[in-house]
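Undergrad: Have a look at this one.
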Number of protein chains: 2
Amino acid sequence: MSAKEIPYKIYLEESEMPKQWLNIRAFMKNKPDPLLNPGTLKPMSQDELSVVFCEELARQELDETTPYIDIPEEILKFYKMYRPAPLVRAYCLEEKLQTPAKIYYKFEGNNTSGSHKLNSAIAQAYYAKLQGLKGVTTETGAGQWGTALSMACAYFGLDCNVYMVKVSYEQKPFRREVMRAYGASVIPSPSELTNIGRKILAEHPGTSGSLGCAISEAVEAAVSKQGYRYVLGSVLSQVLLHQSIIGVETKAALDKYDITPDIIIGCAGGGSNLGGLIAPFVRDKLLGKSDCRLVAVEPSSCPSLTRGKYVYDFCDTGAITPLAKMYTLGADFIPAPDHAGGLRYHGMSSVLSRLYHDGLMEAVSVKQTDVFKAAEDFARIEGILPAPESAHAIKTAVDEALKCKESGEEKTIVFGLTGTGYFDMLAYEKFHDGKMTDYEPSAADLQRGFDGIPDINL
Amino acid sequence: MSAKEIPYKIYLEESEMPKQWLNIRAFMKNKPDPLLNPGTLKPMSQDELSVVFCEELARQELDETTPYIDIPEEILKFYKMYRPAPLVRAYCLEEKLQTPAKIYYKFEGNNTSGSHKLNSAIAQAYYAKLQGLKGVTTETGAGQWGTALSMACAYFGLDCNVYMVKVSYEQKPFRREVMRAYGASVIPSPSELTNIGRKILAEHPGTSGSLGCAISEAVEAAVSKQGYRYVLGSVLSQVLLHQSIIGVETKAALDKYDITPDIIIGCAGGGSNLGGLIAPFVRDKLLGKSDCRLVAVEPSSCPSLTRGKYVYDFCDTGAITPLAKMYTLGADFIPAPDHAGGLRYHGMSSVLSRLYHDGLMEAVSVKQTDVFKAAEDFARIEGILPAPESAHAIKTAVDEALKCKESGEEKTIVFGLTGTGYFDMLAYEKFHDGKMTDYEPSAADLQRGFDGIPDINL
């Protein structure tokens, strides 16, 4: 335990802010398996990736050896507008739970996009600008990524086309309007603007869209327009690289007060937040300097780590993206309408999948109603209204703190509070009115997803 | 100019956080005129005020002599969860405007209530708890105050009844749900729960309510229920006292880097933010230590300072509150549906009114579409999506910075960014789609308001 008094919020000084991203892959003995070209089944080359992604981002995607990568000055400048994010000591929560555990959370919601997504959005927009592109395309479901990218593109004067899953476009008009306020074009998907969109609309005239379809449309739009590339907010290794700023800052804040964490907890959809949060702690584990537990939390409705298979699969339902080796429920798996839209993804970052497979990381799944109970309690005790995604980590952190209460252990628990729930009030209302249900895929549901996994794994 | 490099964001250390509120009135030679009992036309006594307000708050309302008041430990603890608020150097905005001016803003939006209102809400809830009350009642229009009070009451375990103007209740369902997530009862006003509500509903069956009516209902509910008091988020001197935390922190942050402001700018509805922001600078002006300009910004649709009269008037349309000497458009004045709901109030804090009357403060009014243009530009340049209220200060700060560009002066401009615009996206949408109009009361509109001012002033 530290002799120094721990403040409610630890803010790094501007001079203490990290100047490098941390590339976990450089420290992994067992590297994640490479992305494969679905046509040739050979590892994707940088040239192949550069058709879809910005050149520098394609390079980062393939870089498994450089341990630390300098953050360009222009990105550092933008980071200074909304970072460092505070590492908060949850004194009030500890008191309420009457636990001897010490609970900290890294809060990434203090920016208009409302989440950690901005950390990678600004990096991807920067590299697009550097390459002289006109703009970028992307998809968004819950809207956090689309909002972050719109902000980043506004800053660099890039055109930003966001394919927003139609049901979200209609049900989350305010999310849409935030993106428009930042100058983005927001297109309900499926749309008439792409071949894939037109095809899907012809086959399913009344469809409300899906993330998989929106990805396919955004990719098609990027490769068919001069001066555009596609960008993605999660899953990819480049995204985890940018998000390492979360973990590196967290580690620096802990070190400043001589705090050694026992457990690090983060929600995991595609893995962008968790992969960033745990980066320096994974490094230290791999170097034999730490035995900290690392815990991924996923919704019971979409349990890719806890119930999925570790195989090669497509990243989208349209099957036009490269194949990734990952824990997956199958690209055809249809997640139930859980309100944590950011966690409704069939697969998991290949980096995190590898770590989990090698026993370096644990995973748990939690039920939606338990998550919202934890969210509402947390809001009332600690003042911050969390995003449903973030609340998965809260639920598990509280569970761990209660275990400490039972055992009397003074463990130090750190969790990632990725964002705020301002645009999720429909879900809170449902919970509050007792109209929320839990979802858990049956064995048959899972089998249907697994059946769609490509044959390459056989 | 300072020799030290100014960071993007100046955060005070926890140990540097203010421990006292600053009571401007103690420094004023010309005190604001007292609140009058509308029946006797005599100054309200503490006993009379205590029927409606918590005892300690009634005491603070009347305290014109104590310059500094200790902030209770329990409130300091809560402040530590979301304060200090950063003082941000708007480097990117300066660069975009190509101005030699140095622009700073005090950002109060980094808490779930989304605004500075929490600073007084937690204080008022604390004193209610201290007095052993069961709960409090209040009204809310735009919803920032209601949200802040709900959070504060959740923290202290108090019942919280919010009378929400019906049109807001229906058009801002997410605001309503945030309050409910914090455990508040939210009642659309006019309601069947009060005599005044029933009377208004009988007379105007289809009415969508008004702030004046909601105030009357909340006051009636408080005085007719055992163990309840009424609390208010602006206008009152006690509120300005609590909000002085904004200014005291701002001054401490500026002093830390030897920065002397030339102009301080804040939006002004009832005056809670502006009165708090300028507190230490007013003190220094009154003590002859500063010649800093202080500027209140109001909407052209509701110009109480720039076009109102300095007279005694009611604080509510129901004419049940004490009379206050203030700049007012008349309690019967009906402000046009400007989207800055927090600034649609007919009167102005009696403290600020006095300062303005004595030439210690300036005032300007700005048009809604200009405000939203400034808001959208600011969001794209500085990353933060401002509340429409806050954007009034942005607009004026930009105007001042552009004047500096013309004159070549390196002035230091500080403005208050009171909150975020997450719940104002309908307004942004209107602006974006070119459907927003400007409002300016005609001479006849003003006269109608003035006609309702009580005879006491004659």
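Naming works like this for the structure tokens: A, B, ... for the chains as they're shown, residue 1 at the start of each chain, ligands 1 onward in shown order.
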Within 8 Å of stretch 274-280 of chain A, counting only C-alpha atoms, which residues show up once you throw out same-chain ones fewer than 3 positions away? Write them as a PDB file with C-alpha atoms, in the first residue's frame, please.
TA:
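Dumped everything to part_32.pdb:
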ATOM      1  CA  LEU A  22       2.395   0.174 -26.953  1.00  0.00           C
ATOM      2  CA  ASN A  23       2.225  -2.726 -29.402  1.00  0.00           C
ATOM      3  CA  ILE A  24       1.336  -5.822 -27.341  1.00  0.00           C
ATOM      4  CA  LEU A 240      -5.718  -1.952 -30.134  1.00  0.00           C
ATOM      5  CA  LEU A 241      -2.417  -0.203 -30.757  1.00  0.00           C
ATOM      6  CA  HIS A 242      -4.020   3.257 -30.662  1.00  0.00           C
ATOM      7  CA  GLN A 243      -6.161   2.321 -27.688  1.00  0.00           C
ATOM      8  CA  SER A 244      -3.047   1.350 -25.726  1.00  0.00           C
ATOM      9  CA  ILE A 245      -3.028   5.016 -24.688  1.00  0.00           C
ATOM     10  CA  ILE A 246      -5.724   3.999 -22.172  1.00  0.00           C
ATOM     11  CA  GLY A 247      -3.562   1.379 -20.532  1.00  0.00           C
ATOM     12  CA  VAL A 248      -0.298   3.300 -20.674  1.00  0.00           C
ATOM     13  CA  THR A 250      -3.552   3.994 -16.409  1.00  0.00           C
ATOM     14  CA  LYS A 251      -0.210   2.395 -15.621  1.00  0.00           C
ATOM     15  CA  ILE A 264      -7.905  -5.428 -14.454  1.00  0.00           C
ATOM     16  CA  ILE A 265     -11.418  -5.663 -15.873  1.00  0.00           C
ATOM     17  CA  GLY A 266     -12.840  -4.434 -19.145  1.00  0.00           C
ATOM     18  CA  CYS A 267     -15.871  -5.005 -21.322  1.00  0.00           C
ATOM     19  CA  ALA A 268     -15.148  -6.733 -24.606  1.00  0.00           C
ATOM     20  CA  GLY A 271     -11.810  -5.774 -28.006  1.00  0.00           C
ATOM     21  CA  ARG A 283       3.506  -6.774 -21.415  1.00  0.00           C
ATOM     22  CA  ASP A 284       4.538  -7.047 -17.775  1.00  0.00           C
ATOM     23  CA  LEU A 294      -6.938  -9.715 -16.651  1.00  0.00           C
ATOM     24  CA  ALA A 296     -12.777  -9.724 -20.263  1.00  0.00           C
ATOM     25  CA  VAL A 351      -4.740 -10.422 -30.290  1.00  0.00           C
ATOM     26  CA  LEU A 352      -7.123 -10.877 -27.363  1.00  0.00           C
ATOM     27  CA  GLY A 416     -12.340   0.503 -17.697  1.00  0.00           C
TER      28      GLY A 416
END
Undergrad: If we count only C-alpha atoms and set the cut-off at 12 Å, which residues sit around A:Val167, ignoring sequence neighbours fewer than 6 positions away in its own chain? Please answer as a ChimeraX atom specification.
TA: /A:140-143,173,176,187-190,206-211,214,337,341
Undergrad: Starting from chain B, keep only residues with some atom at most 8 Å from an atom of chain A, counting only C-alpha atoms, and report them as a PyMOL selection string.
TA: chain B and resi 7-9+14+80-81+110-112+151+154-155+174+177-178+180-182+376+379-385+422-423+425-426+428-429+432
Undergrad: How would you write, as a compact mmCIF listing (two decimals) with all heavy atoms, in the first residue's frame, the set of residues in stretch 101-220 of chain A that DSSP gives as strand (DSSP E or B)?
TA:
# COMPACT_ATOMS: atom_id res chain seq x y z
N LYS A 102 -9.81 -2.01 -3.04
CA LYS A 102 -9.64 -0.64 -3.54
C LYS A 102 -10.04 -0.67 -5.02
O LYS A 102 -9.50 -1.44 -5.79
CB LYS A 102 -8.18 -0.20 -3.42
CG LYS A 102 -7.51 -0.67 -2.13
CD LYS A 102 -7.09 0.49 -1.27
CE LYS A 102 -6.62 0.01 0.10
NZ LYS A 102 -7.68 -0.63 0.92
N ILE A 103 -11.01 0.16 -5.35
CA ILE A 103 -11.55 0.12 -6.72
C ILE A 103 -11.17 1.40 -7.46
O ILE A 103 -11.38 2.51 -6.96
CB ILE A 103 -13.08 -0.02 -6.70
CG1 ILE A 103 -13.51 -1.19 -5.80
CG2 ILE A 103 -13.62 -0.20 -8.11
CD1 ILE A 103 -15.01 -1.31 -5.61
N TYR A 104 -10.63 1.23 -8.65
CA TYR A 104 -10.29 2.36 -9.52
C TYR A 104 -10.96 2.15 -10.88
O TYR A 104 -11.14 1.02 -11.31
CB TYR A 104 -8.78 2.44 -9.77
CG TYR A 104 -7.96 2.74 -8.56
CD1 TYR A 104 -7.57 1.72 -7.68
CD2 TYR A 104 -7.54 4.03 -8.28
CE1 TYR A 104 -6.80 2.00 -6.55
CE2 TYR A 104 -6.78 4.32 -7.16
CZ TYR A 104 -6.41 3.30 -6.30
OH TYR A 104 -5.66 3.59 -5.19
N TYR A 105 -11.32 3.26 -11.51
CA TYR A 105 -11.76 3.11 -12.90
C TYR A 105 -11.15 4.18 -13.78
O TYR A 105 -10.99 5.33 -13.37
CB TYR A 105 -13.29 3.09 -13.03
CG TYR A 105 -14.03 4.26 -12.47
CD1 TYR A 105 -14.34 5.36 -13.26
CD2 TYR A 105 -14.48 4.25 -11.15
CE1 TYR A 105 -15.06 6.44 -12.75
CE2 TYR A 105 -15.19 5.33 -10.63
CZ TYR A 105 -15.48 6.41 -11.43
OH TYR A 105 -16.18 7.47 -10.92
N LYS A 106 -10.80 3.76 -14.97
CA LYS A 106 -10.26 4.68 -15.96
C LYS A 106 -11.45 5.18 -16.76
O LYS A 106 -12.11 4.40 -17.47
CB LYS A 106 -9.28 3.94 -16.86
CG LYS A 106 -8.65 4.79 -17.95
CD LYS A 106 -7.65 5.78 -17.39
CE LYS A 106 -6.82 6.42 -18.50
NZ LYS A 106 -5.97 7.50 -17.94
N PHE A 107 -11.74 6.48 -16.66
CA PHE A 107 -12.95 7.02 -17.28
C PHE A 107 -12.65 7.68 -18.62
O PHE A 107 -11.96 8.70 -18.68
CB PHE A 107 -13.62 8.01 -16.33
CG PHE A 107 -14.90 8.59 -16.87
CD1 PHE A 107 -15.84 7.76 -17.49
CD2 PHE A 107 -15.16 9.94 -16.79
CE1 PHE A 107 -17.02 8.30 -18.00
CE2 PHE A 107 -16.35 10.48 -17.30
CZ PHE A 107 -17.27 9.65 -17.92
N SER A 115 -16.96 8.30 -25.55
CA SER A 115 -16.29 7.02 -25.31
C SER A 115 -14.83 7.07 -25.72
O SER A 115 -14.34 8.06 -26.28
CB SER A 115 -16.98 5.91 -26.09
OG SER A 115 -16.54 5.90 -27.45
N GLY A 135 -11.47 11.52 -48.00
CA GLY A 135 -12.35 11.15 -46.90
C GLY A 135 -12.27 9.68 -46.56
O GLY A 135 -11.46 8.93 -47.12
N VAL A 136 -13.09 9.30 -45.61
CA VAL A 136 -13.14 7.90 -45.16
C VAL A 136 -14.59 7.44 -45.05
O VAL A 136 -15.51 8.26 -44.97
CB VAL A 136 -12.44 7.71 -43.79
CG1 VAL A 136 -10.95 7.95 -43.90
CG2 VAL A 136 -13.06 8.62 -42.73
N THR A 137 -14.77 6.13 -45.09
CA THR A 137 -16.09 5.55 -44.87
C THR A 137 -16.02 4.61 -43.68
O THR A 137 -14.96 4.06 -43.39
CB THR A 137 -16.56 4.73 -46.09
OG1 THR A 137 -15.76 3.54 -46.17
CG2 THR A 137 -16.43 5.52 -47.38
N THR A 138 -17.14 4.45 -43.02
CA THR A 138 -17.19 3.50 -41.92
C THR A 138 -18.63 3.12 -41.66
O THR A 138 -19.56 3.66 -42.29
CB THR A 138 -16.55 4.07 -40.64
OG1 THR A 138 -16.23 2.99 -39.75
CG2 THR A 138 -17.49 5.03 -39.92
N GLU A 139 -18.82 2.19 -40.72
CA GLU A 139 -20.17 1.83 -40.30
C GLU A 139 -20.28 2.15 -38.81
O GLU A 139 -19.28 2.29 -38.12
CB GLU A 139 -20.44 0.34 -40.52
CG GLU A 139 -19.79 -0.57 -39.51
CD GLU A 139 -18.28 -0.59 -39.64
OE1 GLU A 139 -17.80 -0.47 -40.79
OE2 GLU A 139 -17.57 -0.70 -38.62
N THR A 140 -21.51 2.28 -38.35
CA THR A 140 -21.69 2.42 -36.90
C THR A 140 -22.99 1.74 -36.50
O THR A 140 -23.96 1.74 -37.27
CB THR A 140 -21.66 3.90 -36.46
OG1 THR A 140 -21.31 3.98 -35.07
CG2 THR A 140 -23.01 4.60 -36.68
N ASP A 159 -13.80 14.40 -45.42
CA ASP A 159 -15.18 13.98 -45.62
C ASP A 159 -15.40 12.66 -44.87
O ASP A 159 -14.53 11.80 -44.86
CB ASP A 159 -15.43 13.79 -47.13
CG ASP A 159 -16.88 13.49 -47.44
OD1 ASP A 159 -17.75 13.97 -46.67
OD2 ASP A 159 -17.15 12.78 -48.42
N CYS A 160 -16.55 12.52 -44.26
CA CYS A 160 -16.80 11.33 -43.43
C CYS A 160 -18.17 10.75 -43.77
O CYS A 160 -19.18 11.42 -43.59
CB CYS A 160 -16.74 11.74 -41.95
SG CYS A 160 -17.03 10.40 -40.80
N ASN A 161 -18.18 9.53 -44.30
CA ASN A 161 -19.44 8.87 -44.66
C ASN A 161 -19.69 7.71 -43.72
O ASN A 161 -18.94 6.74 -43.72
CB ASN A 161 -19.38 8.35 -46.09
CG ASN A 161 -19.14 9.45 -47.10
OD1 ASN A 161 -19.40 10.62 -46.81
ND2 ASN A 161 -18.63 9.11 -48.27
N VAL A 162 -20.75 7.83 -42.96
CA VAL A 162 -21.04 6.81 -41.95
C VAL A 162 -22.27 6.01 -42.35
O VAL A 162 -23.37 6.58 -42.50
CB VAL A 162 -21.29 7.44 -40.56
CG1 VAL A 162 -21.57 6.37 -39.53
CG2 VAL A 162 -20.11 8.31 -40.14
N TYR A 163 -22.12 4.72 -42.55
CA TYR A 163 -23.25 3.84 -42.80
C TYR A 163 -23.77 3.37 -41.44
O TYR A 163 -23.10 2.65 -40.73
CB TYR A 163 -22.85 2.66 -43.70
CG TYR A 163 -22.61 3.13 -45.12
CD1 TYR A 163 -21.39 3.72 -45.49
CD2 TYR A 163 -23.62 3.04 -46.07
CE1 TYR A 163 -21.19 4.20 -46.78
CE2 TYR A 163 -23.43 3.51 -47.37
CZ TYR A 163 -22.22 4.09 -47.71
OH TYR A 163 -22.04 4.57 -48.97
N MET A 164 -24.96 3.85 -41.11
CA MET A 164 -25.51 3.58 -39.78
C MET A 164 -26.63 2.55 -39.91
O MET A 164 -27.55 2.72 -40.72
CB MET A 164 -26.06 4.88 -39.20
CG MET A 164 -26.49 4.78 -37.74
SD MET A 164 -26.92 6.43 -37.07
CE MET A 164 -27.10 6.04 -35.32
N VAL A 165 -26.52 1.49 -39.15
CA VAL A 165 -27.54 0.44 -39.18
C VAL A 165 -28.92 1.10 -39.07
O VAL A 165 -29.16 1.91 -38.19
CB VAL A 165 -27.33 -0.56 -38.02
CG1 VAL A 165 -28.41 -1.62 -38.03
CG2 VAL A 165 -25.95 -1.19 -38.12
N SER A 185 -21.73 12.77 -43.29
CA SER A 185 -22.93 12.28 -43.96
C SER A 185 -23.29 10.97 -43.30
O SER A 185 -22.47 10.06 -43.22
CB SER A 185 -22.68 11.98 -45.44
OG SER A 185 -21.94 12.99 -46.04
N VAL A 186 -24.51 10.87 -42.85
CA VAL A 186 -24.95 9.64 -42.19
C VAL A 186 -25.99 8.98 -43.08
O VAL A 186 -27.00 9.60 -43.44
CB VAL A 186 -25.54 9.93 -40.80
CG1 VAL A 186 -25.82 8.64 -40.06
CG2 VAL A 186 -24.60 10.82 -39.99
N ILE A 187 -25.71 7.73 -43.48
CA ILE A 187 -26.56 7.03 -44.43
C ILE A 187 -27.18 5.81 -43.76
O ILE A 187 -26.45 4.98 -43.22
CB ILE A 187 -25.72 6.57 -45.64
CG1 ILE A 187 -24.95 7.75 -46.23
CG2 ILE A 187 -26.58 5.87 -46.69
CD1 ILE A 187 -23.46 7.53 -46.34
N PRO A 188 -28.52 5.72 -43.78
CA PRO A 188 -29.11 4.51 -43.19
C PRO A 188 -28.77 3.30 -44.05
O PRO A 188 -28.87 3.37 -45.27
CB PRO A 188 -30.61 4.81 -43.21
CG PRO A 188 -30.80 5.88 -44.23
CD PRO A 188 -29.52 6.65 -44.31
N SER A 189 -28.36 2.23 -43.39
CA SER A 189 -27.94 1.03 -44.11
C SER A 189 -28.89 -0.12 -43.82
O SER A 189 -29.25 -0.33 -42.66
CB SER A 189 -26.52 0.65 -43.68
OG SER A 189 -26.19 -0.65 -44.11
Undergrad: What's around stretch 440-453 of chain B at 12 Å? Count only C-alpha atoms, leave out sequence neighbours fewer than 6 positions away in its own chain, and write the answer as a compact mmCIF listing (two decimals) with N, CA, C and O atoms, in the first residue's frame.
TA:
# COMPACT_ATOMS: atom_id res chain seq x y z
N GLU B 298 -26.99 37.38 -23.13
CA GLU B 298 -28.35 36.85 -23.06
C GLU B 298 -28.91 36.71 -24.48
O GLU B 298 -28.39 37.30 -25.43
N PRO B 299 -29.95 35.88 -24.64
CA PRO B 299 -30.53 35.71 -25.97
C PRO B 299 -31.36 36.94 -26.35
O PRO B 299 -32.00 37.55 -25.48
N SER B 300 -31.35 37.28 -27.61
CA SER B 300 -32.12 38.44 -28.06
C SER B 300 -33.61 38.21 -27.85
O SER B 300 -34.40 39.15 -27.79
N SER B 301 -33.98 36.93 -27.67
CA SER B 301 -35.40 36.61 -27.46
C SER B 301 -35.86 36.88 -26.03
O SER B 301 -37.05 36.95 -25.77
N CYS B 302 -34.92 37.01 -25.12
CA CYS B 302 -35.28 37.18 -23.70
C CYS B 302 -34.27 38.10 -23.02
O CYS B 302 -33.54 37.69 -22.13
N PRO B 303 -34.27 39.38 -23.44
CA PRO B 303 -33.19 40.30 -23.06
C PRO B 303 -33.46 41.07 -21.78
O PRO B 303 -33.65 42.29 -21.82
N SER B 304 -33.45 40.38 -20.64
CA SER B 304 -33.83 41.05 -19.40
C SER B 304 -32.88 42.19 -19.03
O SER B 304 -33.33 43.25 -18.60
N THR B 306 -30.57 43.79 -21.13
CA THR B 306 -30.38 44.82 -22.17
C THR B 306 -31.66 45.57 -22.52
O THR B 306 -31.60 46.68 -23.04
N ARG B 307 -32.83 44.99 -22.25
CA ARG B 307 -34.06 45.69 -22.60
C ARG B 307 -35.09 45.70 -21.47
O ARG B 307 -36.20 46.19 -21.64
N GLY B 308 -34.73 45.14 -20.32
CA GLY B 308 -35.68 45.07 -19.22
C GLY B 308 -35.65 46.31 -18.33
O GLY B 308 -34.93 47.27 -18.60
N LYS B 309 -36.47 46.28 -17.28
CA LYS B 309 -36.52 47.38 -16.32
C LYS B 309 -35.96 46.91 -14.98
O LYS B 309 -36.14 45.75 -14.60
N TYR B 310 -35.34 47.81 -14.24
CA TYR B 310 -34.78 47.48 -12.93
C TYR B 310 -35.79 47.85 -11.86
O TYR B 310 -35.81 48.98 -11.36
N VAL B 311 -36.65 46.90 -11.54
CA VAL B 311 -37.78 47.14 -10.63
C VAL B 311 -38.06 45.89 -9.79
O VAL B 311 -37.50 44.82 -10.04
N TYR B 312 -38.95 46.01 -8.82
CA TYR B 312 -39.42 44.85 -8.07
C TYR B 312 -40.42 44.06 -8.92
O TYR B 312 -41.29 44.64 -9.56
N ASP B 313 -40.25 42.73 -8.91
CA ASP B 313 -41.17 41.89 -9.69
C ASP B 313 -41.24 40.50 -9.04
O ASP B 313 -40.40 40.13 -8.22
N PHE B 314 -42.24 39.75 -9.43
CA PHE B 314 -42.35 38.38 -8.97
C PHE B 314 -41.35 37.48 -9.70
O PHE B 314 -40.99 37.75 -10.86
N CYS B 315 -40.91 36.40 -9.03
CA CYS B 315 -40.00 35.46 -9.65
C CYS B 315 -40.75 34.41 -10.47
O CYS B 315 -40.15 33.67 -11.25
N ASP B 316 -42.05 34.30 -10.28
CA ASP B 316 -42.84 33.30 -11.00
C ASP B 316 -44.08 33.95 -11.61
O ASP B 316 -44.49 35.04 -11.21
N THR B 317 -44.67 33.26 -12.55
CA THR B 317 -45.88 33.80 -13.18
C THR B 317 -47.09 33.67 -12.26
O THR B 317 -48.03 34.44 -12.36
N GLY B 318 -47.05 32.69 -11.36
CA GLY B 318 -48.17 32.48 -10.43
C GLY B 318 -48.23 33.54 -9.34
O GLY B 318 -49.19 33.58 -8.58
N ALA B 319 -47.19 34.38 -9.23
CA ALA B 319 -47.15 35.47 -8.26
C ALA B 319 -47.29 34.98 -6.82
O ALA B 319 -47.96 35.59 -6.00
N LEU B 323 -41.08 39.05 -3.81
CA LEU B 323 -40.73 40.03 -4.84
C LEU B 323 -39.23 40.28 -4.81
O LEU B 323 -38.64 40.39 -3.73
N ALA B 324 -38.62 40.35 -5.99
CA ALA B 324 -37.19 40.63 -6.06
C ALA B 324 -36.95 41.86 -6.91
O ALA B 324 -37.62 42.05 -7.93
N LYS B 325 -36.00 42.69 -6.48
CA LYS B 325 -35.62 43.86 -7.28
C LYS B 325 -34.60 43.36 -8.30
O LYS B 325 -33.51 42.87 -7.93
N MET B 326 -34.97 43.48 -9.55
CA MET B 326 -34.09 42.91 -10.58
C MET B 326 -34.40 43.50 -11.94
O MET B 326 -35.44 44.14 -12.13
N TYR B 327 -33.51 43.29 -12.88
CA TYR B 327 -33.85 43.59 -14.26
C TYR B 327 -34.85 42.53 -14.71
O TYR B 327 -34.59 41.33 -14.57
N THR B 328 -35.98 42.98 -15.21
CA THR B 328 -37.04 42.04 -15.55
C THR B 328 -37.81 42.49 -16.79
O THR B 328 -37.89 43.69 -17.07
N LEU B 329 -38.33 41.52 -17.49
CA LEU B 329 -39.21 41.78 -18.63
C LEU B 329 -40.66 41.67 -18.18
O LEU B 329 -41.58 41.76 -19.00
N GLY B 330 -40.85 41.43 -16.88
CA GLY B 330 -42.19 41.22 -16.34
C GLY B 330 -42.48 39.74 -16.26
O GLY B 330 -42.21 38.98 -17.20
N ALA B 331 -43.05 39.32 -15.13
CA ALA B 331 -43.30 37.89 -14.93
C ALA B 331 -44.30 37.34 -15.94
O ALA B 331 -44.38 36.14 -16.17
N ASP B 332 -45.07 38.23 -16.58
CA ASP B 332 -46.03 37.78 -17.60
C ASP B 332 -45.43 37.72 -19.00
O ASP B 332 -46.08 37.29 -19.95
N PHE B 333 -44.18 38.18 -19.13
CA PHE B 333 -43.54 38.15 -20.44
C PHE B 333 -43.40 36.70 -20.89
O PHE B 333 -42.97 35.83 -20.13
N ILE B 334 -43.81 36.45 -22.12
CA ILE B 334 -43.71 35.07 -22.64
C ILE B 334 -42.56 34.99 -23.63
O ILE B 334 -42.66 35.49 -24.75
N PRO B 335 -41.43 34.39 -23.20
CA PRO B 335 -40.28 34.33 -24.10
C PRO B 335 -40.59 33.45 -25.31
O PRO B 335 -41.30 32.45 -25.18
N ALA B 336 -40.10 33.84 -26.47
CA ALA B 336 -40.26 33.02 -27.67
C ALA B 336 -39.56 31.68 -27.47
O ALA B 336 -38.69 31.56 -26.61
N PRO B 337 -39.95 30.68 -28.25
CA PRO B 337 -39.38 29.34 -28.04
C PRO B 337 -37.92 29.21 -28.49
O PRO B 337 -37.59 28.39 -29.34
N ASP B 338 -37.07 30.01 -27.94
CA ASP B 338 -35.63 29.91 -28.17
C ASP B 338 -35.17 28.55 -27.62
O ASP B 338 -35.71 28.07 -26.63
N HIS B 346 -37.66 35.51 -17.30
CA HIS B 346 -37.98 36.93 -17.45
C HIS B 346 -37.10 37.87 -16.61
O HIS B 346 -37.00 39.05 -16.91
N GLY B 347 -36.51 37.34 -15.53
CA GLY B 347 -35.75 38.20 -14.63
C GLY B 347 -34.29 37.83 -14.54
O GLY B 347 -33.81 36.95 -15.25
N SER B 365 -26.75 41.12 -26.07
CA SER B 365 -27.68 40.05 -26.46
C SER B 365 -27.30 39.55 -27.84
O SER B 365 -26.77 40.31 -28.66
N VAL B 366 -27.50 38.26 -28.06
CA VAL B 366 -27.10 37.64 -29.33
C VAL B 366 -28.25 36.82 -29.91
O VAL B 366 -29.14 36.37 -29.18
N LYS B 367 -28.19 36.64 -31.24
CA LYS B 367 -29.27 35.94 -31.93
C LYS B 367 -29.03 34.44 -31.94
O LYS B 367 -27.90 33.97 -32.11
N GLN B 368 -30.13 33.71 -31.86
CA GLN B 368 -30.08 32.26 -31.79
C GLN B 368 -29.29 31.60 -32.93
O GLN B 368 -28.48 30.70 -32.70
Undergrad: Got a sec: who's within 9 Å of B:Ala221, counting only C-alpha atoms, leaving out chain neighbours fewer than 6 positions off, as a VMD selection string?
TA: chain B and resid 137 161 193 to 194 228 to 230
Undergrad: Neighbours of stretch 37-48 of chain A within 8 Å (only C-alpha atoms; same-chain residues fewer than 5 positions away dropped), as a PyMOL selection string?
TA: chain A and resi 55+58-59+62+320-323
Undergrad: Write out as a PyMOL selection string all residues of stretch 156-274 of chain A that backbone DSSP assigns to alpha helix (DSSP H).
TA: chain A and resi 156+166-171+173-181+195-203+211-224+237-256+272-274
Undergrad: Nearest residue to A:Val51 out of A:Ala387, A:Leu87, A:Val231, A:Ile394, using only C-alpha atoms?
TA: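 Looking at the shortest contact to A:Val51, the residue is A:Val231.
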Undergrad: Which one is closest to B:Pro72: B:Thr418, B:Glu406, B:Leu130, B:Leu97? Count only C-alpha atoms.
TA: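 Closest residue, counting only C-alpha atoms: B:Leu130.
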